[in-house]
$ cat start28.tsv   # TSV, C-alpha atoms and all ligand atoms
chain	number	residue	atom	x	y	z
A	1	MET	CA	62.00	87.53	71.79
A	2	ALA	CA	64.23	84.46	71.85
A	3	LYS	CA	63.64	81.88	74.56
A	4	LEU	CA	66.57	81.12	76.81
A	5	HIS	CA	67.70	77.49	76.60
A	6	ASP	CA	70.95	76.92	78.41
A	7	LEU	CA	71.59	79.64	80.99
A	8	TYR	CA	69.44	77.83	83.51
A	9	THR	CA	70.76	74.30	83.11
A	10	PRO	CA	72.75	72.78	86.00
A	11	PHE	CA	76.43	71.99	85.77
A	12	SER	CA	78.70	69.79	87.87
A	13	VAL	CA	82.44	69.34	88.16
A	14	LYS	CA	83.75	67.04	90.87
A	15	ASN	CA	81.55	67.77	93.92
A	16	LEU	CA	80.68	71.31	92.81
A	17	ASN	CA	77.05	71.23	91.69
A	18	LEU	CA	75.80	74.48	90.20
A	19	LYS	CA	72.13	75.25	89.70
A	20	ASN	CA	72.81	77.25	86.55
A	21	ARG	CA	75.62	78.25	84.22
A	22	VAL	CA	76.11	81.84	85.36
A	23	VAL	CA	79.31	82.80	87.19
A	24	MET	CA	80.07	86.10	88.88
A	25	PRO	CA	83.77	86.52	88.07
A	26	PRO	CA	86.15	87.90	90.67
A	27	MET	CA	85.94	91.69	90.87
A	28	CYS	CA	88.00	93.78	93.29
A	29	GLN	CA	85.89	95.99	95.51
A	30	TYR	CA	88.68	98.09	97.08
A	31	GLN	CA	86.70	98.28	100.32
A	32	ALA	CA	88.82	96.26	102.75
A	33	THR	CA	90.92	97.40	105.69
A	34	ASP	CA	93.88	95.20	106.67
A	35	GLY	CA	92.72	92.71	104.05
A	36	LEU	CA	89.52	91.96	105.99
A	37	VAL	CA	86.01	91.68	104.57
A	38	ASN	CA	83.34	93.89	106.12
A	39	ASP	CA	79.67	94.75	105.69
A	40	TRP	CA	80.27	96.00	102.15
A	41	HIS	CA	81.44	92.56	101.05
A	42	LEU	CA	78.66	90.82	102.94
A	43	VAL	CA	75.97	92.83	101.14
A	44	HIS	CA	77.79	92.68	97.81
A	45	TYR	CA	78.10	88.89	97.69
A	46	ALA	CA	74.82	88.08	99.44
A	47	SER	CA	72.82	90.17	96.99
A	48	ARG	CA	74.26	88.29	93.99
A	49	ALA	CA	73.33	85.03	95.74
A	50	VAL	CA	69.80	86.33	96.24
A	51	GLY	CA	69.92	87.17	92.53
A	52	GLY	CA	70.40	83.48	91.77
A	53	VAL	CA	73.99	83.39	90.47
A	54	GLY	CA	75.15	79.77	90.23
A	55	LEU	CA	78.79	80.37	91.19
A	56	ILE	CA	80.14	83.49	92.87
A	57	ILE	CA	83.91	83.94	92.80
A	58	VAL	CA	85.16	86.28	95.51
A	59	GLU	CA	87.49	88.98	94.27
A	60	MET	CA	91.29	88.76	94.06
A	61	THR	CA	92.38	87.84	97.60
A	62	ASN	CA	96.06	88.10	98.23
A	63	VAL	CA	98.52	85.76	99.87
A	64	MET	CA	100.80	88.49	101.19
A	65	PRO	CA	100.35	92.18	102.05
A	66	ASN	CA	102.64	93.16	99.15
A	67	GLY	CA	100.46	91.19	96.75
A	68	ARG	CA	97.60	93.68	96.88
A	69	ILE	CA	96.88	95.99	93.97
A	70	THR	CA	95.69	98.57	96.51
A	71	PRO	CA	95.88	98.75	100.32
A	72	ASN	CA	92.09	98.23	100.29
A	73	CYS	CA	92.20	94.79	98.68
A	74	LEU	CA	91.42	91.51	100.43
A	75	GLY	CA	93.99	89.23	102.02
A	76	LEU	CA	94.17	85.71	103.32
A	77	TRP	CA	97.50	85.70	105.07
A	78	ASN	CA	96.06	85.31	108.56
A	79	ASP	CA	93.36	83.40	110.39
A	80	GLN	CA	91.26	86.45	111.25
A	81	GLN	CA	90.81	87.09	107.53
A	82	ARG	CA	89.72	83.44	107.14
A	83	ASP	CA	87.18	83.70	109.94
A	84	GLU	CA	85.62	86.88	108.55
A	85	LEU	CA	85.41	85.36	105.05
A	86	LYS	CA	83.50	82.41	106.52
A	87	LYS	CA	80.58	84.74	107.26
A	88	ILE	CA	80.29	85.49	103.56
A	89	VAL	CA	80.51	81.82	102.65
A	90	ASP	CA	77.69	81.05	105.07
A	91	VAL	CA	75.32	83.77	103.88
A	92	VAL	CA	75.88	82.83	100.22
A	93	HIS	CA	75.23	79.16	101.00
A	94	ALA	CA	72.06	80.08	102.86
A	95	ARG	CA	70.74	81.67	99.66
A	96	GLY	CA	71.56	78.58	97.56
A	97	SER	CA	74.58	79.71	95.54
A	98	LYS	CA	78.04	78.18	95.46
A	99	ILE	CA	81.07	80.30	96.26
A	100	ALA	CA	84.74	80.16	95.28
A	101	ILE	CA	87.57	82.57	96.03
A	102	GLN	CA	90.35	83.87	93.81
A	103	ILE	CA	93.77	83.50	95.45
A	104	ALA	CA	96.41	85.83	94.08
A	105	HIS	CA	99.59	87.84	94.28
A	106	ALA	CA	99.87	90.97	92.15
A	107	GLY	CA	103.66	90.89	91.79
A	108	ARG	CA	104.84	94.02	89.98
A	109	LYS	CA	101.27	95.37	89.72
A	110	ALA	CA	101.09	95.90	93.50
A	111	LEU	CA	100.44	99.46	94.58
A	112	GLY	CA	100.87	101.20	97.90
A	113	CYS	CA	103.55	98.94	99.36
A	114	ASP	CA	107.29	99.26	99.84
A	115	ASP	CA	108.50	95.91	98.59
A	116	VAL	CA	107.29	95.23	95.05
A	117	VAL	CA	108.43	91.87	93.67
A	118	SER	CA	108.23	90.05	90.36
A	119	ALA	CA	109.79	87.30	88.27
A	120	SER	CA	112.29	89.85	86.93
A	121	ALA	CA	113.11	93.45	87.82
A	122	LEU	CA	110.97	94.95	85.04
A	123	ARG	CA	108.61	97.81	85.80
A	124	TYR	CA	104.98	97.61	84.70
A	125	ASP	CA	103.90	100.02	82.00
A	126	GLY	CA	100.22	100.41	82.69
A	127	ALA	CA	99.68	103.37	80.41
A	128	ASN	CA	96.73	102.92	78.09
A	129	GLU	CA	95.40	99.91	79.99
A	130	GLY	CA	92.02	100.68	81.42
A	131	ASN	CA	92.00	103.21	84.24
A	132	ASN	CA	95.44	102.36	85.50
A	133	SER	CA	97.35	104.92	83.48
A	134	ALA	CA	97.48	107.46	86.27
A	135	TRP	CA	98.78	104.99	88.83
A	136	ASP	CA	102.38	105.04	89.80
A	137	TYR	CA	103.80	101.57	89.41
A	138	GLN	CA	107.09	100.95	91.18
A	139	GLN	CA	110.24	99.26	90.04
A	140	PRO	CA	110.01	95.64	91.30
A	141	ARG	CA	112.91	93.55	92.47
A	142	GLU	CA	113.48	90.01	91.27
A	143	LEU	CA	112.39	87.27	93.66
A	144	SER	CA	115.21	84.99	94.83
A	145	LYS	CA	114.78	81.24	94.49
A	146	ALA	CA	114.26	80.97	98.25
A	147	GLU	CA	111.59	83.66	98.07
A	148	ILE	CA	109.85	81.81	95.25
A	149	GLN	CA	109.54	78.80	97.54
A	150	GLU	CA	108.15	81.06	100.27
A	151	MET	CA	105.68	82.43	97.75
A	152	VAL	CA	104.49	78.94	96.81
A	153	GLN	CA	104.08	78.25	100.53
A	154	ALA	CA	102.10	81.48	100.98
A	155	PHE	CA	99.74	80.44	98.17
A	156	GLN	CA	99.32	77.04	99.81
A	157	ASP	CA	98.63	78.54	103.23
A	158	ALA	CA	95.99	80.87	101.77
A	159	VAL	CA	94.32	78.02	99.88
A	160	LYS	CA	94.22	75.96	103.08
A	161	ARG	CA	92.55	78.83	104.91
A	162	ALA	CA	90.01	79.16	102.11
A	163	VAL	CA	89.20	75.46	102.31
A	164	ASP	CA	88.81	75.79	106.07
A	165	ALA	CA	86.49	78.78	105.59
A	166	GLY	CA	84.11	76.51	103.67
A	167	PHE	CA	84.53	77.67	100.08
A	168	ASP	CA	83.19	75.25	97.49
A	169	ALA	CA	86.08	75.75	95.09
A	170	ILE	CA	89.36	77.61	94.79
A	171	GLU	CA	90.46	79.78	91.88
A	172	LEU	CA	94.12	80.69	91.33
A	173	HIS	CA	94.69	84.02	89.62
A	174	ALA	CA	97.16	83.25	86.84
A	175	ALA	CA	95.88	85.97	84.50
A	176	HIS	CA	95.84	89.74	83.89
A	177	GLY	CA	99.55	90.34	84.31
A	178	TYR	CA	99.71	89.32	87.99
A	179	LEU	CA	102.50	87.28	89.54
A	180	ILE	CA	101.83	83.81	88.06
A	181	HIS	CA	101.28	85.40	84.63
A	182	GLN	CA	104.49	87.43	85.12
A	183	PHE	CA	106.36	84.13	85.39
A	184	TYR	CA	104.85	82.41	82.32
A	185	SER	CA	105.20	85.46	80.06
A	186	ALA	CA	108.51	85.90	78.24
A	187	LYS	CA	108.09	89.67	78.41
A	188	THR	CA	108.19	89.74	82.21
A	189	ASN	CA	110.28	86.67	82.97
A	190	GLN	CA	113.88	87.13	81.89
A	191	ARG	CA	115.38	85.01	84.64
A	192	GLN	CA	118.47	82.89	84.00
A	193	ASP	CA	117.60	80.12	86.49
A	194	GLU	CA	115.20	77.19	86.05
A	195	TYR	CA	112.21	79.49	86.58
A	196	GLY	CA	113.35	81.41	83.51
A	197	GLN	CA	114.24	78.37	81.44
A	198	ASP	CA	110.85	76.86	82.27
A	199	LYS	CA	108.50	79.82	82.49
A	200	MET	CA	105.48	77.76	83.54
A	201	LEU	CA	107.29	76.09	86.45
A	202	PHE	CA	106.18	78.59	89.09
A	203	GLY	CA	102.53	78.29	88.08
A	204	GLU	CA	102.80	74.52	88.07
A	205	GLN	CA	104.29	74.53	91.57
A	206	VAL	CA	101.53	76.81	92.88
A	207	ILE	CA	98.86	74.55	91.38
A	208	ARG	CA	100.41	71.43	92.87
A	209	ALA	CA	100.77	73.13	96.27
A	210	ALA	CA	97.12	74.20	96.17
A	211	LYS	CA	95.89	70.75	95.23
A	212	ALA	CA	97.89	69.20	98.05
A	213	VAL	CA	95.73	70.97	100.66
A	214	MET	CA	92.39	70.73	98.85
A	215	PRO	CA	89.95	67.85	99.29
A	216	ALA	CA	90.28	65.47	96.32
A	217	ASP	CA	86.69	66.12	95.23
A	218	MET	CA	86.97	69.94	95.32
A	219	PRO	CA	87.68	71.51	91.91
A	220	LEU	CA	90.56	73.90	91.34
A	221	LEU	CA	89.81	76.71	88.88
A	222	VAL	CA	92.71	78.50	87.25
A	223	ARG	CA	92.20	81.85	85.55
A	224	ILE	CA	94.63	82.46	82.69
A	225	SER	CA	95.22	85.14	80.12
A	226	ALA	CA	95.13	83.00	76.99
A	227	GLN	CA	96.47	85.84	74.88
A	228	GLU	CA	98.40	89.02	75.63
A	229	TYR	CA	97.16	92.29	74.20
A	230	SER	CA	100.34	94.41	74.36
A	231	GLU	CA	103.25	94.76	71.96
A	232	ASN	CA	105.13	91.48	71.48
A	233	GLY	CA	102.55	89.71	73.61
A	234	PHE	CA	102.21	85.94	73.33
A	235	ASP	CA	99.55	84.49	71.08
A	236	LEU	CA	96.69	82.07	71.69
A	237	ALA	CA	98.82	79.06	70.69
A	238	TYR	CA	101.14	79.79	73.62
A	239	GLY	CA	98.12	80.46	75.86
A	240	CYS	CA	96.89	76.95	75.01
A	241	GLU	CA	100.31	75.53	75.94
A	242	VAL	CA	100.02	77.25	79.33
A	243	ALA	CA	96.53	75.80	79.71
A	244	GLN	CA	97.77	72.30	78.90
A	245	ARG	CA	100.64	72.55	81.38
A	246	PHE	CA	98.33	73.79	84.12
A	247	THR	CA	95.86	71.02	83.28
A	248	ALA	CA	98.60	68.43	83.72
A	249	ALA	CA	99.49	70.05	87.05
A	250	GLY	CA	95.94	69.63	88.35
A	251	ALA	CA	93.59	72.38	87.15
A	252	ASP	CA	90.00	71.13	86.94
A	253	VAL	CA	88.38	74.17	85.28
A	254	LEU	CA	89.98	76.95	83.26
A	255	ASP	CA	88.59	80.46	83.57
A	256	VAL	CA	89.74	81.98	80.31
A	257	SER	CA	90.46	85.67	80.07
A	258	GLY	CA	93.07	87.72	78.23
A	259	GLY	CA	95.44	90.66	78.51
A	260	GLY	CA	96.36	92.66	81.56
A	261	ASP	CA	99.99	92.53	80.53
A	262	GLY	CA	100.55	96.18	79.64
A	263	ALA	CA	99.71	98.98	77.27
A	264	LEU	CA	97.35	97.77	74.54
A	265	HIS	CA	98.99	97.52	71.13
A	266	PRO	CA	96.80	98.51	68.17
A	267	ALA	CA	97.56	95.24	66.38
A	268	HIS	CA	96.45	93.19	69.41
A	269	THR	CA	93.62	95.31	70.81
A	270	PRO	CA	90.37	93.36	70.99
A	271	ASN	CA	87.23	94.79	69.41
A	272	PHE	CA	85.44	94.80	72.78
A	273	GLN	CA	82.22	93.59	71.19
A	274	ALA	CA	79.78	91.17	72.83
A	275	GLY	CA	81.52	87.90	73.67
A	276	TYR	CA	84.88	89.18	72.41
A	277	GLN	CA	86.91	86.63	74.38
A	278	VAL	CA	84.73	83.56	73.84
A	279	TYR	CA	87.06	82.28	71.12
A	280	LEU	CA	89.85	82.11	73.69
A	281	ALA	CA	87.79	79.86	75.96
A	282	THR	CA	86.74	77.69	73.03
A	283	ALA	CA	90.34	77.16	71.95
A	284	VAL	CA	91.44	76.36	75.50
A	285	LYS	CA	88.63	73.84	75.89
A	286	GLN	CA	89.66	72.12	72.66
A	287	ALA	CA	93.31	72.09	73.74
A	288	THR	CA	92.68	70.68	77.22
A	289	GLN	CA	89.24	68.99	77.19
A	290	LEU	CA	88.60	70.72	80.52
A	291	PRO	CA	85.42	72.66	81.35
A	292	VAL	CA	85.94	76.35	80.67
A	293	ILE	CA	84.42	79.65	81.77
A	294	ALA	CA	84.04	82.30	79.06
A	295	VAL	CA	84.14	85.97	80.06
A	296	GLY	CA	83.94	89.39	78.47
A	297	MET	CA	80.87	91.42	77.54
A	298	LEU	CA	78.36	88.62	77.95
A	299	GLU	CA	75.84	90.86	79.72
A	300	ASP	CA	73.14	90.41	77.08
A	301	ALA	CA	71.32	87.26	78.27
A	302	GLU	CA	70.52	86.18	74.72
A	303	VAL	CA	74.19	86.40	73.75
A	304	ALA	CA	75.27	84.52	76.88
A	305	ASP	CA	72.65	81.83	76.23
A	306	TYR	CA	73.73	81.53	72.59
A	307	VAL	CA	77.37	81.12	73.62
A	308	LEU	CA	76.41	78.26	75.93
A	309	GLY	CA	74.26	76.78	73.18
A	310	THR	CA	77.31	76.35	70.95
A	311	GLN	CA	78.53	73.84	73.58
A	312	GLN	CA	82.03	75.19	73.09
A	313	VAL	CA	82.14	76.66	76.59
A	314	ASP	CA	80.62	75.34	79.80
A	315	LEU	CA	79.95	78.41	81.93
A	316	VAL	CA	79.54	82.13	81.26
A	317	ALA	CA	80.83	84.86	83.57
A	318	VAL	CA	78.97	88.16	83.79
A	319	GLY	CA	81.07	90.79	85.55
A	320	ARG	CA	80.07	94.41	85.11
A	321	GLY	CA	76.52	93.32	84.31
A	322	LEU	CA	76.23	91.87	87.81
A	323	LEU	CA	77.85	94.95	89.33
A	324	ARG	CA	75.16	97.07	87.71
A	325	ASN	CA	72.36	94.67	88.51
A	326	PRO	CA	72.66	91.98	91.21
A	327	TYR	CA	69.33	90.56	89.98
A	328	TRP	CA	70.50	90.19	86.38
A	329	LEU	CA	69.45	86.55	86.22
A	330	LEU	CA	66.03	87.20	87.70
A	331	HIS	CA	65.38	89.94	85.19
A	332	ALA	CA	66.62	87.80	82.31
A	333	GLU	CA	64.22	85.07	83.29
A	334	GLN	CA	61.37	87.50	83.63
A	335	GLN	CA	62.01	89.12	80.25
A	336	HIS	CA	62.68	85.96	78.25
A	337	LYS	CA	60.64	82.82	78.52
A	338	THR	CA	62.68	79.71	79.19
A	339	ARG	CA	62.31	76.62	77.03
A	340	ASP	CA	60.13	74.70	79.45
A	341	GLY	CA	58.28	77.75	80.72
A	342	GLU	CA	59.41	77.03	84.27
A	343	GLN	CA	60.78	79.48	86.76
A	344	HIS	CA	64.03	77.84	87.77
A	345	PHE	CA	65.44	79.56	90.77
A	346	VAL	CA	63.38	82.55	91.73
A	347	PRO	CA	63.67	82.88	95.50
A	348	GLU	CA	60.40	82.14	97.26
A	349	SER	CA	60.26	85.64	98.65
A	350	TYR	CA	60.29	87.02	95.12
A	351	ALA	CA	58.06	84.51	93.41
A	352	ALA	CA	54.86	86.40	94.16
A	353	SER	CA	56.08	89.42	92.27
A	354	PHE	CA	56.77	87.50	89.06
B	1	LIG	C1	85.66	96.53	89.11
B	1	LIG	C2	86.33	95.32	88.51
B	1	LIG	C3	87.21	94.57	89.29
B	1	LIG	C4	87.82	93.43	88.76
B	1	LIG	N1	88.62	92.66	89.56
B	1	LIG	C5	89.07	91.46	89.11
B	1	LIG	C6	89.71	90.55	89.99
B	1	LIG	O1	89.79	90.76	91.21
B	1	LIG	N2	90.18	89.40	89.46
B	1	LIG	C7	90.05	89.09	88.13
B	1	LIG	O2	90.50	88.03	87.69
B	1	LIG	N3	89.41	89.93	87.29
B	1	LIG	C8	88.89	91.08	87.75
B	1	LIG	N4	88.15	91.88	86.93
B	1	LIG	C9	87.81	91.40	85.57
B	1	LIG	C10	86.45	90.68	85.59
B	1	LIG	O3	86.51	89.49	86.36
B	1	LIG	C11	86.00	90.31	84.17
B	1	LIG	O4	86.92	89.43	83.60
B	1	LIG	C12	85.85	91.55	83.29
B	1	LIG	O5	85.09	92.56	83.96
B	1	LIG	C13	85.18	91.21	81.95
B	1	LIG	O6	83.87	90.73	82.15
B	1	LIG	P1	82.58	91.69	81.89
B	1	LIG	O7	82.69	92.19	80.48
B	1	LIG	O8	81.40	90.77	82.07
B	1	LIG	O9	82.62	92.78	82.89
B	1	LIG	C14	87.55	93.04	87.42
B	1	LIG	C15	86.68	93.80	86.65
B	1	LIG	C16	86.05	94.92	87.18
B	1	LIG	C17	85.07	95.68	86.33
$ encode --input "start28.tsv" --output "structure tokens"
Amino acid sequence: MAKLHDLYTPFSVKNLNLKNRVVMPPMCQYQATDGLVNDWHLVHYASRAVGGVGLIIVEMTNVMPNGRITPNCLGLWNDQQRDELKKIVDVVHARGSKIAIQIAHAGRKALGCDDVVSASALRYDGANEGNNSAWDYQQPRELSKAEIQEMVQAFQDAVKRAVDAGFDAIELHAAHGYLIHQFYSAKTNQRQDEYGQDKMLFGEQVIRAAKAVMPADMPLLVRISAQEYSENGFDLAYGCEVAQRFTAAGADVLDVSGGGDGALHPAHTPNFQAGYQVYLATAVKQATQLPVIAVGMLEDAEVADYVLGTQQVDLVAVGRGLLRNPYWLLHAEQQHKTRDGEQHFVPESYAASF
């Protein structure tokens, strides 16, 4: 059995110091009421911290009620939501992991609300994309320029609350066909004003607004879809242009995903094999020189370790693997010997059982 070399090495960006290279990516839990975290979220995030994950990113947390993809998604549009989130931050810190939060607005992919908004009035065709086919997406209306400024302000207010709650880093959700992605994609942004002429402008403004309320030494992560998977979707070259623009605006780390933009087109459908999106992260790293997170079927610890060993990505995100097994990292370390034979982060309470 191969020895693991790189999963357990530390990583730092600005003042974010991670004890290993494993990230839990944001994953909606659909368990909230009024956008508030509860015991479910406390147990969910605390157990991954006990499992030794270096960086936990809290699920898509929305800046407005009509930004949620279901009425049971998290929000950060009021101070009560901030105060409840702080409890999760504290319990994760107590177990030695770092914690970020993904700030988002779903735009035209919002469900269960009356006022669905987007860059342009184009309805989402979710058929054939994951489990969403049965959901009834509504016709969105186009945001006015004044409303775009209010949206940027709502993102900034939510980021400020997240900083005040004690998160170690902020992630902006600019991927998977949600609002920021809706602006930078030509398929969903057919505006005639400056936000249509310059499709990345909205994302740039959100990034700058976020940075303005973040401490200078706190990193901003931006999750992008570096390639669209639907018909007439943009290619990786355009995804790299988006990454470069967002880097210039202030992104410190790029969390590189793909798709989410609509029904999969046979010509653009990924193979969904182990590490199937790593090449996107590698290309974005080369285009921007920023640290990148790779994601997508990296649940096999040997594969994840190999990907890090290529030194073409900096961090690996394990999503569904950590949903299935909060102690994924502990088991990986038990099953594979590490290079130096050390146990790196087994909690003291568990050490006796190893
Ligand atoms: C239940 C579930 C919820 C998800 N919610 C989010 C989310 O809130 N934000 C996001 O950017 N991606 C979300 N994703 C995508 C994951 O972050 C990740 O990119 C994806 O699962 C691929 O990684 P994996 O193959 O390791 O699972 C979700 C995925 C799952 C399975």
$ residues_around --input "start28.tsv" --residues "range 272-283 of chain A" --least-positions-apart "6" --cutoff "7 Å" --atoms "all atoms listed in the file" --output "list in words"
Ala226, Val256, Ser257, Val292, Ile293, Ala294, Val295, Gly296, Met297, Leu298, Gln312 and Val313 of chain A
$ write_last_selection --input "start28.tsv" --atoms "C-alpha atoms" --output "PDB file, in the frame of the given file"
ATOM      1  CA  ALA A 226      95.130  83.000  76.990  1.00  0.00           C
ATOM      2  CA  VAL A 256      89.740  81.980  80.310  1.00  0.00           C
ATOM      3  CA  SER A 257      90.460  85.670  80.070  1.00  0.00           C
ATOM      4  CA  VAL A 292      85.940  76.350  80.670  1.00  0.00           C
ATOM      5  CA  ILE A 293      84.420  79.650  81.770  1.00  0.00           C
ATOM      6  CA  ALA A 294      84.040  82.300  79.060  1.00  0.00           C
ATOM      7  CA  VAL A 295      84.140  85.970  80.060  1.00  0.00           C
ATOM      8  CA  GLY A 296      83.940  89.390  78.470  1.00  0.00           C
ATOM      9  CA  MET A 297      80.870  91.420  77.540  1.00  0.00           C
ATOM     10  CA  LEU A 298      78.360  88.620  77.950  1.00  0.00           C
ATOM     11  CA  GLN A 312      82.030  75.190  73.090  1.00  0.00           C
ATOM     12  CA  VAL A 313      82.140  76.660  76.590  1.00  0.00           C
TER      13      VAL A 313
END
$ residues_near_ligand --input "start28.tsv" --ligand "ligand LIG 1 (chain B)" --cutoff "6 Å" --atoms "only C-alpha atoms and all ligand atoms" --output "ChimeraX atom specification"
/A:25-28,59-60,295-298,318-321
$ residues_near_point --input "start28.tsv" --point "(72.8, 83.1, 99.9)" --cutoff "10 Å" --atoms "only C-alpha atoms" --output "number ranges by chain"
A: 45-53, 88-99
$ residues_near_point --input "start28.tsv" --point "(66.4, 88.8, 73.0)" --cutoff "8 Å" --atoms "all atoms listed in the file" --output "PyMOL selection string"
chain A and resi 1-3+301-302+336
$ atom_distance --input "start28.tsv" --atom1 "CA of Leu36 in chain A" --atom2 "CA of His105 in chain A"
16.0 Å
$ residues_around --input "start28.tsv" --residues "Ala165 in chain A" --least-positions-apart "5" --cutoff "7 Å" --atoms "only C-alpha atoms" --output "PyMOL selection string"
chain A and resi 82-83+85-86
$ closest_residue --input "start28.tsv" --among "A:Asp305, A:Asp114, A:Lys211, A:Asp79" --to "Leu329 in chain A" --atoms "only C-alpha atoms"
A:Asp305
$ atom_distance --input "start28.tsv" --atom1 "CA of Asp6 in chain A" --atom2 "CA of Gly309 in chain A"
6.2 Å
$ residues_around --input "start28.tsv" --residues "Leu16 in chain A" --least-positions-apart "5" --cutoff "10 Å" --atoms "only C-alpha atoms" --output "list in words"
Phe11, Leu55, Lys98, Ile99, Asp168, Ala169, Asp217, Met218 and Pro219 of chain A
$ atom_distance --input "start28.tsv" --atom1 "CA of Ser120 in chain A" --atom2 "CA of Ile180 in chain A"
12.1 Å
$ residues_around --input "start28.tsv" --residues "Cys113 in chain A" --least-positions-apart "5" --cutoff "10 Å" --atoms "all atoms listed in the file" --output "PyMOL selection string"
chain A and resi 65-71+138
$ closest_residue --input "start28.tsv" --among "A:Ser144, A:Ala304, A:Gly107, A:Asn325" --to "Gln192 in chain A" --atoms "only C-alpha atoms"
A:Ser144
$ closest_residue --input "start28.tsv" --among "A:Val37, A:Leu18, A:Leu236, A:Val163" --to "Ala210 in chain A" --atoms "only C-alpha atoms"
A:Val163
$ closest_residue --input "start28.tsv" --among "A:Glu204, A:Asp39, A:Asp261, A:Asp314" --to "Val152 in chain A" --atoms "only C-alpha atoms"
A:Glu204
$ residues_around --input "start28.tsv" --residues "His265 in chain A" --least-positions-apart "2" --cutoff "8 Å" --atoms "only C-alpha atoms" --output "PyMOL selection string"
chain A and resi 229-231+263+267-269
$ closest_residue --input "start28.tsv" --among "A:Gln227, A:Glu299, A:Pro270, A:Ala110" --to "Gly126 in chain A" --atoms "only C-alpha atoms"
A:Ala110
$ closest_residue --input "start28.tsv" --among "A:Ala154, A:Ala248, A:Leu254, A:Cys240" --to "Ala209 in chain A" --atoms "all atoms listed in the file"
A:Ala154
$ axis_aligned_box --input "start28.tsv" --around "range 288-295 of chain A" --padding-each-side "4 Å" --output "lines of an AutoDock Vina configuration file"
center_x = 88.4
center_y = 77.5
center_z = 79.5
size_x = 16.6
size_y = 25.0
size_z = 12.6
$ build_atoms --input "start28.tsv" --residues "range 283-294 of chain A" --atoms "N, CA, C and O atoms" --output "PDB file, keeping the file's coordinate frame"
ATOM      1  N   ALA A 283      89.057  77.756  72.332  1.00  0.00           N
ATOM      2  CA  ALA A 283      90.340  77.160  71.950  1.00  0.00           C
ATOM      3  C   ALA A 283      90.972  76.417  73.124  1.00  0.00           C
ATOM      4  O   ALA A 283      91.528  75.321  72.957  1.00  0.00           O
ATOM      5  N   VAL A 284      90.859  77.005  74.315  1.00  0.00           N
ATOM      6  CA  VAL A 284      91.440  76.360  75.500  1.00  0.00           C
ATOM      7  C   VAL A 284      90.703  75.062  75.822  1.00  0.00           C
ATOM      8  O   VAL A 284      91.310  74.053  76.181  1.00  0.00           O
ATOM      9  N   LYS A 285      89.402  75.075  75.653  1.00  0.00           N
ATOM     10  CA  LYS A 285      88.630  73.840  75.890  1.00  0.00           C
ATOM     11  C   LYS A 285      89.076  72.746  74.915  1.00  0.00           C
ATOM     12  O   LYS A 285      89.278  71.587  75.304  1.00  0.00           O
ATOM     13  N   GLN A 286      89.232  73.122  73.655  1.00  0.00           N
ATOM     14  CA  GLN A 286      89.660  72.120  72.660  1.00  0.00           C
ATOM     15  C   GLN A 286      91.056  71.597  72.977  1.00  0.00           C
ATOM     16  O   GLN A 286      91.343  70.422  72.788  1.00  0.00           O
ATOM     17  N   ALA A 287      91.923  72.480  73.482  1.00  0.00           N
ATOM     18  CA  ALA A 287      93.310  72.090  73.740  1.00  0.00           C
ATOM     19  C   ALA A 287      93.446  71.225  74.989  1.00  0.00           C
ATOM     20  O   ALA A 287      94.405  70.447  75.102  1.00  0.00           O
ATOM     21  N   THR A 288      92.517  71.366  75.931  1.00  0.00           N
ATOM     22  CA  THR A 288      92.680  70.680  77.220  1.00  0.00           C
ATOM     23  C   THR A 288      91.584  69.673  77.532  1.00  0.00           C
ATOM     24  O   THR A 288      91.772  68.838  78.433  1.00  0.00           O
ATOM     25  N   GLN A 289      90.429  69.813  76.869  1.00  0.00           N
ATOM     26  CA  GLN A 289      89.240  68.990  77.190  1.00  0.00           C
ATOM     27  C   GLN A 289      88.705  69.282  78.590  1.00  0.00           C
ATOM     28  O   GLN A 289      87.892  68.519  79.109  1.00  0.00           O
ATOM     29  N   LEU A 290      89.136  70.356  79.206  1.00  0.00           N
ATOM     30  CA  LEU A 290      88.600  70.720  80.520  1.00  0.00           C
ATOM     31  C   LEU A 290      87.362  71.599  80.349  1.00  0.00           C
ATOM     32  O   LEU A 290      87.221  72.298  79.342  1.00  0.00           O
ATOM     33  N   PRO A 291      86.477  71.638  81.360  1.00  0.00           N
ATOM     34  CA  PRO A 291      85.420  72.660  81.350  1.00  0.00           C
ATOM     35  C   PRO A 291      86.047  74.043  81.397  1.00  0.00           C
ATOM     36  O   PRO A 291      87.076  74.242  82.055  1.00  0.00           O
ATOM     37  N   VAL A 292      85.415  74.984  80.703  1.00  0.00           N
ATOM     38  CA  VAL A 292      85.940  76.350  80.670  1.00  0.00           C
ATOM     39  C   VAL A 292      84.847  77.369  80.991  1.00  0.00           C
ATOM     40  O   VAL A 292      83.660  77.134  80.732  1.00  0.00           O
ATOM     41  N   ILE A 293      85.285  78.485  81.551  1.00  0.00           N
ATOM     42  CA  ILE A 293      84.420  79.650  81.770  1.00  0.00           C
ATOM     43  C   ILE A 293      84.804  80.682  80.726  1.00  0.00           C
ATOM     44  O   ILE A 293      85.988  81.013  80.585  1.00  0.00           O
ATOM     45  N   ALA A 294      83.805  81.197  80.001  1.00  0.00           N
ATOM     46  CA  ALA A 294      84.040  82.300  79.060  1.00  0.00           C
ATOM     47  C   ALA A 294      83.676  83.603  79.750  1.00  0.00           C
ATOM     48  O   ALA A 294      82.736  83.649  80.555  1.00  0.00           O
TER      49      ALA A 294
END
